[in-house]
Structure formats: structure tokens, C-alpha cells
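In what follows, a structure is listed as C-alpha cells, so that the remarks can point back to it.
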Amino acid sequence: MGKTVLVTGGAGYIGSHTVLELVKAGFKAVVVDNLDNSSEVAVKRAAELAGDSGKNIDFHKIDLRDKEALDKLFASTAIEAVIHFAGLKAVGESVKKPLLYYDNNIIGTVNLLDVMRAHGCKKLVFSSSATVYGWPKEVPCTEESPLFAMNPYGRTKLFIEEICRDLCLSDPEWSIILLRYFNPVGAHPSGLIGEDPRGIPNNLMPFLQQVAVERMPALTVFGTDYSTKDGTGIRDYIHVVDLSVGHISALQKLLDGSELGCEVYNLGTGKGTSVLEMVAAFEKASGKKIHLVLAGRRPGDAETVYASIAKAEKELNWRAQFGIEEMCRDSWNWACKNPWGYESPDQS
């Protein structure tokens, strides 16, 4: 039996894909999730996709703010390392409800770290975000680029990064890898697991999917007057399967015995794609015409953000394998099979 890894937020979009890659790589995954913005169906489907290894996925409904439940779990299970995804992630909601975000994301993380410390488990992969770069003055963003979060959600990521650095400075037994994701899109090629946001989507791809399956009438494009090739914002989109494999590479680095302290890696493709380019690629993959509504810029949106990925390539021996064609193909496959996400009637 491989080593046991706790995955917080493992029923979510990136979490469920990573749980699948974990057990495929021979690990045992203990998943905790409060199911606030996720579905236990995702964990069950990841187990189905894993075949025989699916039996190595163990799910517990736990909120990280429930320290007692977390402590009981660590007391009953020998956990070697933690991959920490759990957290609220809607930028707009964070501006309206900052205390909810600080409570959920920061207090939940402090509880997790404290319970880990108490049980001698001092290896962590943390799900951070390119949002910590704010409006980058220069692109590509390197791991040394200045940090500046534009909203409460981004600040929770930034503060947790600082907490992790302080922890590693205070105790050299800790090894923590901070992974700054760019824009995760796509779905598992099977179409069984994918992105299923509650309510109105905040991100481009799930919005595109919902317009294509006629859950939404049109896609609003915010900002068409940027100084980019077609006037729309540019982002670094990364296939969720590539991102998940990046977590396994980070985990293996943590477990190889080297004393890391606190290290940061960008996970992206290193290429920028504009909103309209992504719309065109999705139209091609789906054969659907996407109705667009052009609108003004949103406050806080940066013009161009993409990653420098040299450090992850060199030190984690990882690089993204998929381009926007595969991202759109797999997103459309997921949307066709699950037009209403995990609530869709059984398609079989």
C-alpha cells in the first residue's frame, strides 16, 4: 500500500481530478470536504475512474473549522502529507462577504496546520493562485514577481502563503510547496468529472459551457478595449488534468526526503490566450455559436497575466501537455454528458 495523503476540498473541481491522479500513482487518498461548493458524486466518480485503485479513496464530510473532527481523523489515520484545496474562491463574493472568506479560508487553514503539527505531519502542498500577483507590471509572472492581491479572496491566498513561510522558519521539519495556479479549465477526458460551480459561474469556461447547453442565454465579455491583439483580456489557461499531475510531482518532491522549507511554483502553460480566442476554440470544439454580450471592464481585472513555468519544469520535472483544443474538447464532453453538472439526470 502506498503512502496516505489527506486531500482537503477533494470533492471540488481540482480536488477530485487530483484524487484520481493520486490513487493512479499508488497513493491512498483520504478526502475531507464540507460539500459547500462541491459534490460527493465527484469523489464516487473519481473512484469509478480509478478502477481497482478506487478502493484507496476514503471520504469524510468535515469542515476544517471543526478542529475536533479533524483531530479525530488524524488520530485514527497515519497521514504522511496533505494537499490543501479547501476554500471559498469567488472573487465577487469575497468583496461582498470578506469575513466569510477570512473565516473559512484562513481559520480553516490555521486549524489544519495546528492539527498537522500536533500529529507530526509536516508536509503540505498548498493550492495558491496567480491572483497573488494582482495586476502584474511585467509578464510572464515569475515566482519572484511582486505580490499584491486585489480582493479578499486573493488576500486569503497571500496571507496563507505568509503563514506557511512563518511556519517553515519557526520549525525546519516543515516542508511546504505553494502552487500558484493560473486558470484551470477542462475536465477528465471521460466526461465523468468536471467543473460544476453552484449558481452563476465566475469563470469563462463554465460560463461558455452553460451558454452552449442553453442554461445561460449569452456570455458577457468584460472589457473589449484592452491593448491586446483583439481587445480582450489575456490569461494562461491550464488543463485541469495537467494541473492535477503537477500536484503529484510536487508531492513526490516533498516525500523524497529533501528539506525544502517553503518553495513556490507557478503551474500554467506559459502561454497567454485571449477571451475571444478561447470562445473561438470552444465554438470549434462544440459546433455551437456562442452569443456574446460585450461589456465594459470589470474593476480589478488585469489586462494580461501568464506564467513563467521554467522553475516547475526544472525542479518538479513537470510541464503541461495539453493545449486549448484539448481543454475545449474535454470541457464540451463534460458539459454534454452533464448539462446540469452533478445534478444532471443519469445519462447512461
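Chain labels follow the order of the C-alpha cells: the first chain is A, the next B, and so on; residue numbering restarts at 1 in every chain, and ligands are counted from 1 in their shown order.
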
Per-residue nearest contacts of stretch 133-195 of chain A to stretch 302-324 of chain A (9 Å; only C-alpha atoms) as JSON lines:
```
{"residue": "A:Tyr133", "atom": "CA", "partner": "A:Val305", "partner_atom": "CA", "distance": 8.7}
{"residue": "A:Gly134", "atom": "CA", "partner": "A:Ala302", "partner_atom": "CA", "distance": 7.2}
{"residue": "A:Trp135", "atom": "CA", "partner": "A:Ala302", "partner_atom": "CA", "distance": 5.0}
{"residue": "A:Pro136", "atom": "CA", "partner": "A:Val305", "partner_atom": "CA", "distance": 6.9}
{"residue": "A:Glu138", "atom": "CA", "partner": "A:Val305", "partner_atom": "CA", "distance": 8.7}
{"residue": "A:Val139", "atom": "CA", "partner": "A:Tyr306", "partner_atom": "CA", "distance": 6.4}
{"residue": "A:Pro140", "atom": "CA", "partner": "A:Ala307", "partner_atom": "CA", "distance": 5.0}
{"residue": "A:Cys141", "atom": "CA", "partner": "A:Ala307", "partner_atom": "CA", "distance": 4.9}
{"residue": "A:Thr142", "atom": "CA", "partner": "A:Ser308", "partner_atom": "CA", "distance": 5.1}
{"residue": "A:Glu143", "atom": "CA", "partner": "A:Ser308", "partner_atom": "CA", "distance": 7.9}
{"residue": "A:Tyr181", "atom": "CA", "partner": "A:Ala307", "partner_atom": "CA", "distance": 8.9}
{"residue": "A:Phe182", "atom": "CA", "partner": "A:Ala307", "partner_atom": "CA", "distance": 7.2}
{"residue": "A:Gly186", "atom": "CA", "partner": "A:Ile324", "partner_atom": "CA", "distance": 8.8}
```

Limited to N, CA, C and O atoms, could you put the picked residues into a file as a PDB file, in the first residue's frame?
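As a result, selection-v9.pdb now contains:
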```
ATOM      1  N   TYR A 133      -0.523  37.751  -7.715  1.00  0.00           N
ATOM      2  CA  TYR A 133       0.293  38.695  -8.498  1.00  0.00           C
ATOM      3  C   TYR A 133      -0.461  39.994  -8.804  1.00  0.00           C
ATOM      4  O   TYR A 133       0.134  40.942  -9.334  1.00  0.00           O
ATOM      5  N   GLY A 134      -1.778  40.015  -8.503  1.00  0.00           N
ATOM      6  CA  GLY A 134      -2.562  41.226  -8.760  1.00  0.00           C
ATOM      7  C   GLY A 134      -2.499  41.631 -10.223  1.00  0.00           C
ATOM      8  O   GLY A 134      -2.696  40.826 -11.120  1.00  0.00           O
ATOM      9  N   TRP A 135      -2.222  42.913 -10.454  1.00  0.00           N
ATOM     10  CA  TRP A 135      -2.031  43.423 -11.823  1.00  0.00           C
ATOM     11  C   TRP A 135      -0.544  43.383 -12.104  1.00  0.00           C
ATOM     12  O   TRP A 135       0.162  44.322 -11.739  1.00  0.00           O
ATOM     13  N   PRO A 136      -0.016  42.338 -12.718  1.00  0.00           N
ATOM     14  CA  PRO A 136       1.438  42.306 -12.906  1.00  0.00           C
ATOM     15  C   PRO A 136       1.910  43.425 -13.839  1.00  0.00           C
ATOM     16  O   PRO A 136       1.297  43.674 -14.876  1.00  0.00           O
ATOM     17  N   GLU A 138       4.819  43.327 -15.248  1.00  0.00           N
ATOM     18  CA  GLU A 138       5.547  42.634 -16.320  1.00  0.00           C
ATOM     19  C   GLU A 138       5.060  41.201 -16.404  1.00  0.00           C
ATOM     20  O   GLU A 138       4.748  40.591 -15.383  1.00  0.00           O
ATOM     21  N   VAL A 139       4.979  40.681 -17.636  1.00  0.00           N
ATOM     22  CA  VAL A 139       4.677  39.260 -17.809  1.00  0.00           C
ATOM     23  C   VAL A 139       5.796  38.635 -18.640  1.00  0.00           C
ATOM     24  O   VAL A 139       6.460  39.350 -19.394  1.00  0.00           O
ATOM     25  N   PRO A 140       6.070  37.338 -18.511  1.00  0.00           N
ATOM     26  CA  PRO A 140       5.357  36.407 -17.649  1.00  0.00           C
ATOM     27  C   PRO A 140       5.650  36.633 -16.159  1.00  0.00           C
ATOM     28  O   PRO A 140       6.682  37.197 -15.808  1.00  0.00           O
ATOM     29  N   CYS A 141       4.708  36.161 -15.308  1.00  0.00           N
ATOM     30  CA  CYS A 141       4.904  36.240 -13.857  1.00  0.00           C
ATOM     31  C   CYS A 141       5.886  35.149 -13.451  1.00  0.00           C
ATOM     32  O   CYS A 141       5.667  33.974 -13.765  1.00  0.00           O
ATOM     33  N   THR A 142       6.948  35.545 -12.769  1.00  0.00           N
ATOM     34  CA  THR A 142       7.850  34.537 -12.197  1.00  0.00           C
ATOM     35  C   THR A 142       7.513  34.408 -10.712  1.00  0.00           C
ATOM     36  O   THR A 142       6.799  35.247 -10.154  1.00  0.00           O
ATOM     37  N   GLU A 143       8.064  33.376 -10.086  1.00  0.00           N
ATOM     38  CA  GLU A 143       7.800  33.161  -8.662  1.00  0.00           C
ATOM     39  C   GLU A 143       8.332  34.310  -7.809  1.00  0.00           C
ATOM     40  O   GLU A 143       7.926  34.469  -6.658  1.00  0.00           O
ATOM     41  N   TYR A 181      -1.655  28.502  -9.145  1.00  0.00           N
ATOM     42  CA  TYR A 181      -2.286  28.099 -10.396  1.00  0.00           C
ATOM     43  C   TYR A 181      -2.658  29.325 -11.189  1.00  0.00           C
ATOM     44  O   TYR A 181      -3.082  30.321 -10.635  1.00  0.00           O
ATOM     45  N   PHE A 182      -2.656  29.126 -12.511  1.00  0.00           N
ATOM     46  CA  PHE A 182      -3.166  30.162 -13.382  1.00  0.00           C
ATOM     47  C   PHE A 182      -4.668  29.856 -13.617  1.00  0.00           C
ATOM     48  O   PHE A 182      -5.424  29.840 -12.659  1.00  0.00           O
ATOM     49  N   GLY A 186     -11.167  22.755 -18.481  1.00  0.00           N
ATOM     50  CA  GLY A 186     -11.191  21.387 -18.986  1.00  0.00           C
ATOM     51  C   GLY A 186     -11.830  20.440 -17.984  1.00  0.00           C
ATOM     52  O   GLY A 186     -12.381  20.852 -16.959  1.00  0.00           O
TER      53      GLY A 186
END
```

Residue contacts of A:Arg45 (7 Å, only C-alpha atoms) excluding same-chain residues fewer than 3 positions away, as a PyMOL selection string | chain A and resi 41-42+48-49+192-193

Given the selection you just returned, output its residues as a file containing N, CA and C atoms, formatted as a short mmCIF file (atom, residue, chain, number, x, y, z; two decimals), in the first residue's frame.
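As written to disk, part_26.cif reads:
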```cif
data_model
loop_
_atom_site.label_atom_id
_atom_site.label_comp_id
_atom_site.auth_asym_id
_atom_site.auth_seq_id
_atom_site.Cartn_x
_atom_site.Cartn_y
_atom_site.Cartn_z
N VAL A 41 -20.64 13.18 -5.35
CA VAL A 41 -20.70 12.41 -6.60
C VAL A 41 -19.34 12.44 -7.30
N ALA A 42 -18.65 13.60 -7.21
CA ALA A 42 -17.33 13.73 -7.86
C ALA A 42 -16.34 12.71 -7.29
N GLU A 48 -14.67 5.42 -9.42
CA GLU A 48 -15.04 4.57 -10.58
C GLU A 48 -13.94 4.61 -11.64
N LEU A 49 -13.48 5.83 -11.95
CA LEU A 49 -12.46 6.01 -13.00
C LEU A 49 -11.14 5.36 -12.60
N LEU A 192 -16.67 12.23 -16.99
CA LEU A 192 -17.35 11.85 -15.74
C LEU A 192 -17.17 12.87 -14.62
N ILE A 193 -16.00 13.54 -14.60
CA ILE A 193 -15.79 14.59 -13.59
C ILE A 193 -15.38 15.87 -14.30
#
```

DSSP strand (DSSP E) selection over stretch 93-258 of chain A, as a ChimeraX atom specification = /A:123-129,175-181,183-185,219-222,234-235,237-239

Spatial neighbours of A:Ser244, max dist 7 Å, only C-alpha atoms, sep filter under 5 positions, as number ranges by chain = A: 14, 17-18, 21

Can those selected residues be exported to a file as a tab-separated table (two decimals), in the first residue's frame so that it contains all heavy atoms?
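Result file result24.tsv:
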```
chain	number	residue	atom	x	y	z
A	14	ILE	N	-10.78	20.86	-8.85
A	14	ILE	CA	-9.38	20.43	-8.99
A	14	ILE	C	-9.09	19.27	-8.04
A	14	ILE	O	-8.37	18.33	-8.37
A	14	ILE	CB	-8.41	21.61	-8.74
A	14	ILE	CG1	-8.78	22.78	-9.65
A	14	ILE	CG2	-6.96	21.20	-8.99
A	14	ILE	CD1	-8.13	24.10	-9.26
A	17	HIS	N	-10.09	15.76	-9.46
A	17	HIS	CA	-9.15	15.30	-10.50
A	17	HIS	C	-7.82	14.88	-9.88
A	17	HIS	O	-7.19	13.91	-10.32
A	17	HIS	CB	-8.92	16.41	-11.54
A	17	HIS	CG	-10.08	16.63	-12.46
A	17	HIS	ND1	-11.18	17.37	-12.10
A	17	HIS	CD2	-10.32	16.19	-13.72
A	17	HIS	CE1	-12.05	17.38	-13.11
A	17	HIS	NE2	-11.55	16.68	-14.10
A	18	THR	N	-7.40	15.59	-8.83
A	18	THR	CA	-6.12	15.26	-8.18
A	18	THR	C	-6.23	13.96	-7.38
A	18	THR	O	-5.29	13.16	-7.36
A	18	THR	CB	-5.65	16.43	-7.30
A	18	THR	OG1	-5.53	17.59	-8.13
A	18	THR	CG2	-4.30	16.14	-6.66
A	21	GLU	N	-5.69	11.22	-9.84
A	21	GLU	CA	-4.27	11.07	-10.21
A	21	GLU	C	-3.46	10.48	-9.04
A	21	GLU	O	-2.52	9.70	-9.26
A	21	GLU	CB	-3.67	12.41	-10.63
A	21	GLU	CG	-4.27	13.00	-11.91
A	21	GLU	CD	-4.18	12.09	-13.13
A	21	GLU	OE1	-3.18	11.36	-13.27
A	21	GLU	OE2	-5.11	12.12	-13.95
```

In terms of the shortest atom-to-atom distance over only C-alpha atoms, which of A:Ala130, A:Leu208, A:Val240, A:Ile160 is closest to A:Phe148?
-> A:Ala130

Name all residues at most 12 Å from A:Ala281 (count only C-alpha atoms; drop same-chain ones fewer than 5 positions away) and give them as a ChimeraX atom specification.
-> /A:205,208,273-276,286-290,323-332

Any chance you can output those residues with N, CA, C and O atoms as a PDB file, in the first residue's frame?
```
ATOM      1  N   MET A 205     -14.783  29.404 -18.701  1.00  0.00           N
ATOM      2  CA  MET A 205     -15.123  28.110 -19.299  1.00  0.00           C
ATOM      3  C   MET A 205     -16.472  27.560 -18.830  1.00  0.00           C
ATOM      4  O   MET A 205     -17.296  27.160 -19.667  1.00  0.00           O
ATOM      5  N   LEU A 208     -19.083  29.462 -20.655  1.00  0.00           N
ATOM      6  CA  LEU A 208     -19.180  29.013 -22.058  1.00  0.00           C
ATOM      7  C   LEU A 208     -19.997  27.720 -22.161  1.00  0.00           C
ATOM      8  O   LEU A 208     -20.868  27.582 -23.016  1.00  0.00           O
ATOM      9  N   THR A 273      -3.788  33.327 -23.711  1.00  0.00           N
ATOM     10  CA  THR A 273      -4.885  33.171 -24.672  1.00  0.00           C
ATOM     11  C   THR A 273      -5.940  34.216 -24.346  1.00  0.00           C
ATOM     12  O   THR A 273      -6.313  34.371 -23.186  1.00  0.00           O
ATOM     13  N   SER A 274      -6.420  34.918 -25.363  1.00  0.00           N
ATOM     14  CA  SER A 274      -7.423  35.956 -25.102  1.00  0.00           C
ATOM     15  C   SER A 274      -8.808  35.325 -24.935  1.00  0.00           C
ATOM     16  O   SER A 274      -9.047  34.179 -25.340  1.00  0.00           O
ATOM     17  N   VAL A 275      -9.719  36.088 -24.342  1.00  0.00           N
ATOM     18  CA  VAL A 275     -11.092  35.610 -24.148  1.00  0.00           C
ATOM     19  C   VAL A 275     -11.707  35.216 -25.495  1.00  0.00           C
ATOM     20  O   VAL A 275     -12.306  34.142 -25.630  1.00  0.00           O
ATOM     21  N   LEU A 276     -11.539  36.063 -26.512  1.00  0.00           N
ATOM     22  CA  LEU A 276     -12.161  35.763 -27.815  1.00  0.00           C
ATOM     23  C   LEU A 276     -11.517  34.557 -28.498  1.00  0.00           C
ATOM     24  O   LEU A 276     -12.194  33.796 -29.193  1.00  0.00           O
ATOM     25  N   SER A 286     -17.262  22.554 -29.961  1.00  0.00           N
ATOM     26  CA  SER A 286     -18.654  22.200 -29.649  1.00  0.00           C
ATOM     27  C   SER A 286     -19.576  22.262 -30.861  1.00  0.00           C
ATOM     28  O   SER A 286     -20.670  21.688 -30.841  1.00  0.00           O
ATOM     29  N   GLY A 287     -19.140  22.968 -31.910  1.00  0.00           N
ATOM     30  CA  GLY A 287     -20.025  23.180 -33.056  1.00  0.00           C
ATOM     31  C   GLY A 287     -21.178  24.117 -32.751  1.00  0.00           C
ATOM     32  O   GLY A 287     -22.164  24.176 -33.488  1.00  0.00           O
ATOM     33  N   LYS A 288     -21.086  24.845 -31.632  1.00  0.00           N
ATOM     34  CA  LYS A 288     -22.154  25.765 -31.215  1.00  0.00           C
ATOM     35  C   LYS A 288     -21.708  27.211 -31.414  1.00  0.00           C
ATOM     36  O   LYS A 288     -20.541  27.534 -31.187  1.00  0.00           O
ATOM     37  N   LYS A 289     -22.663  28.066 -31.784  1.00  0.00           N
ATOM     38  CA  LYS A 289     -22.365  29.504 -31.848  1.00  0.00           C
ATOM     39  C   LYS A 289     -22.647  30.079 -30.463  1.00  0.00           C
ATOM     40  O   LYS A 289     -23.728  29.868 -29.905  1.00  0.00           O
ATOM     41  N   ILE A 290     -21.659  30.763 -29.895  1.00  0.00           N
ATOM     42  CA  ILE A 290     -21.831  31.341 -28.557  1.00  0.00           C
ATOM     43  C   ILE A 290     -22.285  32.795 -28.697  1.00  0.00           C
ATOM     44  O   ILE A 290     -21.589  33.609 -29.313  1.00  0.00           O
ATOM     45  N   GLY A 323      -3.164  21.571 -24.913  1.00  0.00           N
ATOM     46  CA  GLY A 323      -3.414  22.925 -25.387  1.00  0.00           C
ATOM     47  C   GLY A 323      -4.894  23.278 -25.306  1.00  0.00           C
ATOM     48  O   GLY A 323      -5.709  22.489 -24.820  1.00  0.00           O
ATOM     49  N   ILE A 324      -5.251  24.478 -25.835  1.00  0.00           N
ATOM     50  CA  ILE A 324      -6.644  24.914 -25.672  1.00  0.00           C
ATOM     51  C   ILE A 324      -7.630  24.045 -26.462  1.00  0.00           C
ATOM     52  O   ILE A 324      -8.791  23.950 -26.081  1.00  0.00           O
ATOM     53  N   GLU A 325      -7.164  23.374 -27.507  1.00  0.00           N
ATOM     54  CA  GLU A 325      -8.078  22.482 -28.248  1.00  0.00           C
ATOM     55  C   GLU A 325      -8.565  21.358 -27.325  1.00  0.00           C
ATOM     56  O   GLU A 325      -9.758  21.070 -27.249  1.00  0.00           O
ATOM     57  N   GLU A 326      -7.605  20.722 -26.614  1.00  0.00           N
ATOM     58  CA  GLU A 326      -7.985  19.632 -25.696  1.00  0.00           C
ATOM     59  C   GLU A 326      -8.807  20.169 -24.522  1.00  0.00           C
ATOM     60  O   GLU A 326      -9.736  19.505 -24.056  1.00  0.00           O
ATOM     61  N   MET A 327      -8.446  21.359 -24.038  1.00  0.00           N
ATOM     62  CA  MET A 327      -9.205  21.950 -22.923  1.00  0.00           C
ATOM     63  C   MET A 327     -10.668  22.127 -23.323  1.00  0.00           C
ATOM     64  O   MET A 327     -11.584  21.788 -22.572  1.00  0.00           O
ATOM     65  N   CYS A 328     -10.887  22.668 -24.537  1.00  0.00           N
ATOM     66  CA  CYS A 328     -12.255  22.911 -25.013  1.00  0.00           C
ATOM     67  C   CYS A 328     -12.982  21.603 -25.325  1.00  0.00           C
ATOM     68  O   CYS A 328     -14.154  21.437 -24.987  1.00  0.00           O
ATOM     69  N   ARG A 329     -12.259  20.666 -25.953  1.00  0.00           N
ATOM     70  CA  ARG A 329     -12.866  19.357 -26.273  1.00  0.00           C
ATOM     71  C   ARG A 329     -13.367  18.660 -25.005  1.00  0.00           C
ATOM     72  O   ARG A 329     -14.495  18.173 -24.935  1.00  0.00           O
ATOM     73  N   ASP A 330     -12.517  18.627 -23.972  1.00  0.00           N
ATOM     74  CA  ASP A 330     -12.875  17.910 -22.742  1.00  0.00           C
ATOM     75  C   ASP A 330     -13.943  18.657 -21.945  1.00  0.00           C
ATOM     76  O   ASP A 330     -14.796  18.027 -21.306  1.00  0.00           O
ATOM     77  N   SER A 331     -13.906  19.993 -21.997  1.00  0.00           N
ATOM     78  CA  SER A 331     -14.964  20.778 -21.330  1.00  0.00           C
ATOM     79  C   SER A 331     -16.313  20.508 -21.976  1.00  0.00           C
ATOM     80  O   SER A 331     -17.331  20.362 -21.299  1.00  0.00           O
ATOM     81  N   TRP A 332     -16.318  20.458 -23.314  1.00  0.00           N
ATOM     82  CA  TRP A 332     -17.571  20.242 -24.033  1.00  0.00           C
ATOM     83  C   TRP A 332     -18.090  18.824 -23.791  1.00  0.00           C
ATOM     84  O   TRP A 332     -19.289  18.602 -23.612  1.00  0.00           O
TER      85      TRP A 332
END
```

For A:Ala46, which of A:Gly257, A:Gly191, A:Gly92, A:Gly26 is the closest residue, counting only C-alpha atoms?
-> A:Gly191

Helix (DSSP H, G or I) positions in stretch 155-292 of chain A, given as a PyMOL selection string | chain A and resi 155-170+204-212+240-255+275-286

What are the closest atom pairs, with distances in Å to one decimal, for each residue of stretch 18-45 of chain A lying within 12 Å of stretch 74-82 of chain A, using only C-alpha atoms, rows by chain and rising residue number, as a tab-separated table?
```
residue	atom	partner	partner_atom	distance
A:Val19	CA	A:Val82	CA	11.7
A:Leu22	CA	A:Val82	CA	11.8
A:Phe27	CA	A:Glu80	CA	10.3
A:Lys28	CA	A:Ile79	CA	9.5
A:Ala29	CA	A:Ile79	CA	9.5
A:Val30	CA	A:Ile79	CA	8.5
A:Val31	CA	A:Val82	CA	10.0
A:Val32	CA	A:Val82	CA	10.7
```

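Look at A:Arg165: the protein and nucleic acid residues within 8 Å of it, using only C-alpha atoms and passing over chain neighbours fewer than 3 places away, are Glu161, Glu162, Cys168, Leu169, Gly261 and Cys262 of chain A.
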
For the residues selected in the previous step, produce a file with all heavy atoms as a PDB file, in the first residue's frame.
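Once everything was written out, this is part_7.pdb:
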```pdb
ATOM      1  N   GLU A 161      -0.042  31.952   2.318  1.00  0.00           N
ATOM      2  CA  GLU A 161       1.363  31.779   1.897  1.00  0.00           C
ATOM      3  C   GLU A 161       2.310  32.295   2.988  1.00  0.00           C
ATOM      4  O   GLU A 161       3.300  31.641   3.330  1.00  0.00           O
ATOM      5  CB  GLU A 161       1.629  32.520   0.586  1.00  0.00           C
ATOM      6  CG  GLU A 161       1.075  31.838  -0.649  1.00  0.00           C
ATOM      7  CD  GLU A 161       1.741  32.354  -1.930  1.00  0.00           C
ATOM      8  OE1 GLU A 161       2.717  33.146  -1.833  1.00  0.00           O
ATOM      9  OE2 GLU A 161       1.298  31.959  -3.027  1.00  0.00           O
ATOM     10  N   GLU A 162       2.001  33.471   3.527  1.00  0.00           N
ATOM     11  CA  GLU A 162       2.864  34.062   4.571  1.00  0.00           C
ATOM     12  C   GLU A 162       2.871  33.195   5.834  1.00  0.00           C
ATOM     13  O   GLU A 162       3.909  33.005   6.471  1.00  0.00           O
ATOM     14  CB  GLU A 162       2.393  35.482   4.912  1.00  0.00           C
ATOM     15  CG  GLU A 162       2.562  36.491   3.783  1.00  0.00           C
ATOM     16  CD  GLU A 162       4.015  36.766   3.414  1.00  0.00           C
ATOM     17  OE1 GLU A 162       4.941  36.301   4.109  1.00  0.00           O
ATOM     18  OE2 GLU A 162       4.228  37.457   2.398  1.00  0.00           O
ATOM     19  N   CYS A 168       7.510  27.485   8.389  1.00  0.00           N
ATOM     20  CA  CYS A 168       8.765  26.833   7.977  1.00  0.00           C
ATOM     21  C   CYS A 168       9.977  27.485   8.640  1.00  0.00           C
ATOM     22  O   CYS A 168      10.947  26.795   8.990  1.00  0.00           O
ATOM     23  CB  CYS A 168       8.901  26.865   6.464  1.00  0.00           C
ATOM     24  SG  CYS A 168       7.728  25.760   5.645  1.00  0.00           S
ATOM     25  N   LEU A 169       9.922  28.799   8.829  1.00  0.00           N
ATOM     26  CA  LEU A 169      11.024  29.495   9.520  1.00  0.00           C
ATOM     27  C   LEU A 169      11.096  29.083  10.985  1.00  0.00           C
ATOM     28  O   LEU A 169      12.162  28.972  11.566  1.00  0.00           O
ATOM     29  CB  LEU A 169      10.836  31.014   9.432  1.00  0.00           C
ATOM     30  CG  LEU A 169      11.220  31.665   8.109  1.00  0.00           C
ATOM     31  CD1 LEU A 169      10.799  33.135   8.107  1.00  0.00           C
ATOM     32  CD2 LEU A 169      12.735  31.555   7.872  1.00  0.00           C
ATOM     33  N   GLY A 261      11.971  23.445   3.198  1.00  0.00           N
ATOM     34  CA  GLY A 261      11.455  24.704   3.727  1.00  0.00           C
ATOM     35  C   GLY A 261      10.178  25.029   2.986  1.00  0.00           C
ATOM     36  O   GLY A 261       9.341  24.158   2.750  1.00  0.00           O
ATOM     37  N   CYS A 262      10.041  26.276   2.530  1.00  0.00           N
ATOM     38  CA  CYS A 262       8.833  26.688   1.815  1.00  0.00           C
ATOM     39  C   CYS A 262       9.215  27.075   0.391  1.00  0.00           C
ATOM     40  O   CYS A 262       9.994  27.999   0.185  1.00  0.00           O
ATOM     41  CB  CYS A 262       8.207  27.876   2.555  1.00  0.00           C
ATOM     42  SG  CYS A 262       6.528  28.183   2.052  1.00  0.00           S
TER      43      CYS A 262
END
```

Just the residues within 12 Å of A:Gly199, please, counting only C-alpha atoms, with nothing from its chain fewer than 5 positions along; format it as a list in words.
->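 In the requested format, the answer is Asn37, Ser38, Ala90, Glu93, Pro206, Phe207, Gln210, Arg215, Met216, Trp340 and Gly341 of chain A.
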
Measure the distance from atom CA of A:Ile163 to atom CA of A:Val110 in Å and round it to one decimal.
->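 Straight-line distance from atom CA of A:Ile163 to atom CA of A:Val110 works out to 8.3 Å.
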
What is the distance between atom CA of A:Pro201 and atom CA of A:Ser227, in Å to one decimal?
->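 One can read the atom CA of A:Pro201 to atom CA of A:Ser227 distance as 26.0 Å.
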
Where does stretch 166-226 of chain A meet stretch 10-13 of chain A within 9 Å, residue by residue, with the nearest atom pair and distance in Å to one decimal for each, counting only C-alpha atoms, listed by chain and rising number, as a tab-separated table?
```
residue	atom	partner	partner_atom	distance
A:Ala187	CA	A:Tyr13	CA	8.7
A:Ile193	CA	A:Tyr13	CA	7.9
A:Gly194	CA	A:Tyr13	CA	6.1
A:Glu195	CA	A:Tyr13	CA	5.1
A:Asp196	CA	A:Tyr13	CA	7.2
A:Pro197	CA	A:Tyr13	CA	8.5
```

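With distances restricted to only C-alpha atoms, A:Pro217 is the closest residue to A:His291 from A:Pro217, A:Gly246, A:Gly154, A:Pro339.
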
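The space separating atom CA of A:Leu260 from atom CA of A:Ser145 comes to 20.4 Å.
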
Would you please work out which residue, of A:Asp58, A:Val245, A:Gly87, A:Glu259, is nearest to A:Pro172 when using only C-alpha atoms?
->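 Counting only C-alpha atoms, the residue closest to A:Pro172 is A:Glu259.
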